[in-house]
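*Asks:* One structure coming up, written as structure tokens, with questions to follow.
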Amino acid sequence: MTDWLEKHVPKLVLAPSLIAIFVFVYGFIGWTAYVSFTKSRLLPKYDLVGTIQYEKLSNSPRWDVALTNLAIFGILFILFAMVIGLILAILLDQKIRTEGPLRTIYLYPMALSFIVTGTAWKWILNPGLGIESVFRDMGFENFTFDWLVNPDLAIYTVVIAGVWQSSGFVMALFLAGLRSVDGEIIRAAMVDGISTPRIYMSIIIPSMAPIFLSSFIVLSHLAIKSFDLVIALTGGGPGYATDLPATFMYAMAFSRGDIGQAASSATVMMMIVTAIIVPYLYSELRPRHD
């Protein structure tokens with residue numbers, strides 16, 4: 001009896017969680033994909049009609065804007081978060097005295113929710129309250145910083161807020177990677193007269209390729225599912241100039257009452273995430289032959 005319990009109790013303990021995951025995660029993913037092939041409007045319908053929703057989605061100007069914004073936001077957000085995070089990590093890796101306080105300051109934004117971050121940057125970037133108002137009160141009457149209300153530039157305010165929030169997290173990943181590099185290699189390079197910048201560029205940073213990949217995966221996931229930051233900062237506006245796929249999906253489901261369109265956009269988002277995650281999992285899980 002004891003042997004049976006030792007063998008099966010862990011399975012019995014995990015079974016409810018596994019069942020819940022399959023039902024409420026994968027089950028609803030499957031339901032969403034199914035609904036995307038129907039003519040569902042305010043309420044779901046289950047008569048399959050083919051790819052009508054996807055054709056409608058591809059012809060939607062608002063969806064085109066959302067995809068364009070995702071490309072702009074995703075590329076700039078990932079690039080700047082990784083560059084700033086790497087620079088901060090290298091600075092902290094110099095064993096400076098104030099490393100503890102500085103590390104706390106850099107990581108502090110990550111402790112905030114995207115709602116708080118979006119609200120704070122909405123105040124900072126508001127032409128009537130924030131940066132523009134401060135500079136004009138200082139005597140710079142012609143200074144303008146109206147990105148938040150400019151349809152052509154508003155998406156870049158989302159990039160600013162997102163980078164501010166996430167660069168500290170990337171810094172922590174890179175700092176852990178820097179501290180894991182074998183010190184003997186670095187000392188040997190210094191004995192050979194190699195300069196510190198070249199040690200970082202030629203030895204340390206190339207050895208951190210897995211951390212770069214992990215950071216890219218995490219930041220890509222954050223970019224694709226970004227919703228609360230946009231809602232708090234711009235509300236998707238002006239108009240729908242800062243729409244992302246997640247805000248488009250929300251608008252279709254809860255403002256327009258078009259479940260079919262929301263489901264098709266959600267399915268496309270899932271396909272984008274899958275296209276990023278699957279190659280990563282394949283590279284990590286495939287057997288390695290020495």
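Simple scheme: letters A, B, ... for chains in structure tokens order, numbers from 1 for residues in each chain, numbers from 1 for ligands in the order shown.
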Within 9 Å of Thr51 (chain A), counting only C-alpha atoms, which residues qualify if same-chain residues fewer than 6 places away don't, as a ChimeraX atom specification?

*Replies:* /A:36-38

*Asks:* Kindly export the residues of the current selection with all heavy atoms, as a PDB file, in the first residue's frame.

*Replies:*
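For reference, out.pdb as written:
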```
ATOM      1  N   SER A  36     -13.649  31.454 -34.519  1.00  0.00           N
ATOM      2  CA  SER A  36     -13.107  32.331 -35.559  1.00  0.00           C
ATOM      3  C   SER A  36     -13.525  31.892 -36.961  1.00  0.00           C
ATOM      4  O   SER A  36     -13.358  32.652 -37.911  1.00  0.00           O
ATOM      5  CB  SER A  36     -11.578  32.394 -35.463  1.00  0.00           C
ATOM      6  OG  SER A  36     -10.986  31.167 -35.857  1.00  0.00           O
ATOM      7  N   PHE A  37     -14.040  30.689 -37.101  1.00  0.00           N
ATOM      8  CA  PHE A  37     -14.515  30.196 -38.396  1.00  0.00           C
ATOM      9  C   PHE A  37     -16.039  30.223 -38.487  1.00  0.00           C
ATOM     10  O   PHE A  37     -16.628  29.542 -39.324  1.00  0.00           O
ATOM     11  CB  PHE A  37     -14.016  28.770 -38.644  1.00  0.00           C
ATOM     12  CG  PHE A  37     -12.536  28.684 -38.842  1.00  0.00           C
ATOM     13  CD1 PHE A  37     -11.711  28.284 -37.801  1.00  0.00           C
ATOM     14  CD2 PHE A  37     -11.964  29.021 -40.060  1.00  0.00           C
ATOM     15  CE1 PHE A  37     -10.336  28.213 -37.977  1.00  0.00           C
ATOM     16  CE2 PHE A  37     -10.589  28.951 -40.248  1.00  0.00           C
ATOM     17  CZ  PHE A  37      -9.775  28.549 -39.200  1.00  0.00           C
ATOM     18  N   THR A  38     -16.678  31.013 -37.623  1.00  0.00           N
ATOM     19  CA  THR A  38     -18.139  31.143 -37.639  1.00  0.00           C
ATOM     20  C   THR A  38     -18.522  32.599 -37.874  1.00  0.00           C
ATOM     21  O   THR A  38     -17.659  33.480 -37.906  1.00  0.00           O
ATOM     22  CB  THR A  38     -18.747  30.673 -36.308  1.00  0.00           C
ATOM     23  OG1 THR A  38     -18.378  31.596 -35.256  1.00  0.00           O
ATOM     24  CG2 THR A  38     -18.257  29.278 -35.943  1.00  0.00           C
TER      25      THR A  38
END
```

*Asks:* Select from region 139-215 of chain A every residue with an atom at most 12 Å from any atom of region 85-95 of chain A, then for each give the shortest pair of atoms and their distance in Å to one decimal, using only C-alpha atoms, rows by chain and rising number, as a Markdown table.

*Replies:*
```
| residue | atom | partner | partner_atom | distance |
| --- | --- | --- | --- | --- |
| A:Val163 | CA | A:Gly85 | CA | 9.4 |
| A:Trp164 | CA | A:Gly85 | CA | 10.1 |
| A:Gln165 | CA | A:Gly85 | CA | 11.0 |
| A:Ser166 | CA | A:Gly85 | CA | 8.4 |
| A:Ser167 | CA | A:Gly85 | CA | 4.9 |
| A:Gly168 | CA | A:Gly85 | CA | 6.1 |
| A:Phe169 | CA | A:Gly85 | CA | 7.5 |
| A:Val170 | CA | A:Gly85 | CA | 5.0 |
| A:Met171 | CA | A:Gly85 | CA | 4.0 |
| A:Ala172 | CA | A:Ala89 | CA | 7.0 |
| A:Leu173 | CA | A:Ala89 | CA | 8.4 |
| A:Phe174 | CA | A:Ala89 | CA | 5.9 |
| A:Leu175 | CA | A:Ala89 | CA | 4.8 |
| A:Ala176 | CA | A:Ala89 | CA | 8.6 |
| A:Gly177 | CA | A:Ala89 | CA | 9.2 |
| A:Leu178 | CA | A:Asp93 | CA | 7.2 |
| A:Arg179 | CA | A:Asp93 | CA | 7.4 |
| A:Ser180 | CA | A:Asp93 | CA | 11.1 |
| A:Val181 | CA | A:Asp93 | CA | 11.3 |
| A:Thr196 | CA | A:Gln94 | CA | 10.6 |
| A:Pro197 | CA | A:Ile90 | CA | 10.2 |
| A:Ile199 | CA | A:Ile90 | CA | 11.7 |
| A:Tyr200 | CA | A:Ile90 | CA | 8.7 |
| A:Met201 | CA | A:Ile90 | CA | 11.2 |
| A:Ile204 | CA | A:Ile90 | CA | 10.3 |
| A:Ile205 | CA | A:Leu86 | CA | 9.3 |
| A:Met208 | CA | A:Leu86 | CA | 10.8 |
| A:Ile211 | CA | A:Leu86 | CA | 10.7 |
| A:Phe212 | CA | A:Leu86 | CA | 9.6 |
| A:Ser215 | CA | A:Gly85 | CA | 10.0 |
```

*Asks:* Using DSSP on the backbone coordinates, identify the residues of region 55-130 of chain A assigned to alpha helix (DSSP H); present them as a ChimeraX atom specification.

*Replies:* /A:55-58,61-92,99-107,114-125

*Asks:* For Gly130 (chain A), which of A:Pro16, A:Phe114, A:Trp147, A:Lys39 is the closest residue, counting only C-alpha atoms?

*Replies:*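 Residue with the minimum atom-to-atom distance to Gly130 (chain A): A:Trp147.
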
*Asks:* Write out as a PDB file with C-alpha atoms, in the first residue's frame the residues lying within 8 Å of Met252 (chain A), counting only C-alpha atoms and excluding same-chain residues fewer than 6 positions away.

*Replies:*
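In the end it all went to selection_6.pdb:
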```
ATOM      1  CA  ASP A 258     -18.194  41.104 -32.900  1.00  0.00           C
ATOM      2  CA  ILE A 259     -16.985  37.890 -31.282  1.00  0.00           C
ATOM      3  CA  GLN A 261     -13.590  39.144 -35.417  1.00  0.00           C
ATOM      4  CA  ALA A 262     -12.231  39.125 -31.881  1.00  0.00           C
TER       5      ALA A 262
END
```

*Asks:* Could the residues of region 38-114 of chain A that have an atom at most 7 Å from region 217-227 of chain A be listed as CSV, each with its closest atom pair and the distance in Å to one decimal, counting only C-alpha atoms and ordered by chain and ascending residue number?

*Replies:*
```
residue,atom,partner,partner_atom,distance
A:Leu70,CA,A:Ile224,CA,7.0
A:Gly74,CA,A:Ala223,CA,5.4
A:Ile78,CA,A:Leu219,CA,5.9
```

*Asks:* May I have the residues from that selection written out with N, CA and C atoms, as an mmCIF file, in the first residue's frame?

*Replies:*
```cif
data_model
loop_
_atom_site.group_PDB
_atom_site.id
_atom_site.type_symbol
_atom_site.label_atom_id
_atom_site.label_comp_id
_atom_site.auth_asym_id
_atom_site.auth_seq_id
_atom_site.Cartn_x
_atom_site.Cartn_y
_atom_site.Cartn_z
ATOM 1 N N LEU A 70 2.244 47.028 -33.987
ATOM 2 C CA LEU A 70 2.920 45.920 -33.310
ATOM 3 C C LEU A 70 4.350 45.775 -33.815
ATOM 4 N N GLY A 74 7.108 46.461 -31.256
ATOM 5 C CA GLY A 74 7.870 45.270 -30.943
ATOM 6 C C GLY A 74 9.352 45.441 -31.219
ATOM 7 N N ILE A 78 11.891 45.842 -28.010
ATOM 8 C CA ILE A 78 12.874 44.775 -27.779
ATOM 9 C C ILE A 78 14.288 45.316 -27.915
#
```

*Asks:* Would you pick out the contacts of Ile124 (chain A) at 10 Å or less, using only C-alpha atoms, so that residues sharing its chain but fewer than 6 positions from it are not included, and give the list as an NGL selection string?

*Replies:* :A and (118 or 130-134 or 148)

*Asks:* Write to file, as an mmCIF file, in the first residue's frame, the residues of the selection just made, with N, CA and C atoms.

*Replies:*
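What ended up in part_14.cif:
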```cif
data_model
loop_
_atom_site.group_PDB
_atom_site.id
_atom_site.type_symbol
_atom_site.label_atom_id
_atom_site.label_comp_id
_atom_site.auth_asym_id
_atom_site.auth_seq_id
_atom_site.Cartn_x
_atom_site.Cartn_y
_atom_site.Cartn_z
ATOM 1 N N GLY A 118 1.574 53.064 -17.293
ATOM 2 C CA GLY A 118 0.863 53.826 -18.316
ATOM 3 C C GLY A 118 0.260 55.098 -17.771
ATOM 4 N N GLY A 130 2.704 67.775 -18.282
ATOM 5 C CA GLY A 130 3.989 67.126 -18.145
ATOM 6 C C GLY A 130 5.173 67.909 -18.674
ATOM 7 N N ILE A 131 5.979 67.235 -19.492
ATOM 8 C CA ILE A 131 7.251 67.790 -19.955
ATOM 9 C C ILE A 131 7.069 69.114 -20.676
ATOM 10 N N GLU A 132 6.113 69.160 -21.605
ATOM 11 C CA GLU A 132 5.905 70.402 -22.365
ATOM 12 C C GLU A 132 5.521 71.546 -21.448
ATOM 13 N N SER A 133 4.641 71.303 -20.496
ATOM 14 C CA SER A 133 4.208 72.355 -19.578
ATOM 15 C C SER A 133 5.362 72.836 -18.703
ATOM 16 N N VAL A 134 6.198 71.894 -18.237
ATOM 17 C CA VAL A 134 7.325 72.273 -17.377
ATOM 18 C C VAL A 134 8.300 73.169 -18.129
ATOM 19 N N LEU A 148 1.958 62.461 -27.320
ATOM 20 C CA LEU A 148 0.826 61.707 -26.780
ATOM 21 C C LEU A 148 -0.454 61.966 -27.554
#
```

*Asks:* So which residues touch region 63-68 of chain A within 12 Å, counting only C-alpha atoms, skipping near sequence neighbours fewer than 3 positions away, as an MDAnalysis selection string?

*Replies:* chainID A and resid 54:60 71:75 151:152 155 223:224 226:227 230 236:237 239:249 251:252 261:262 264:266 268:269 272
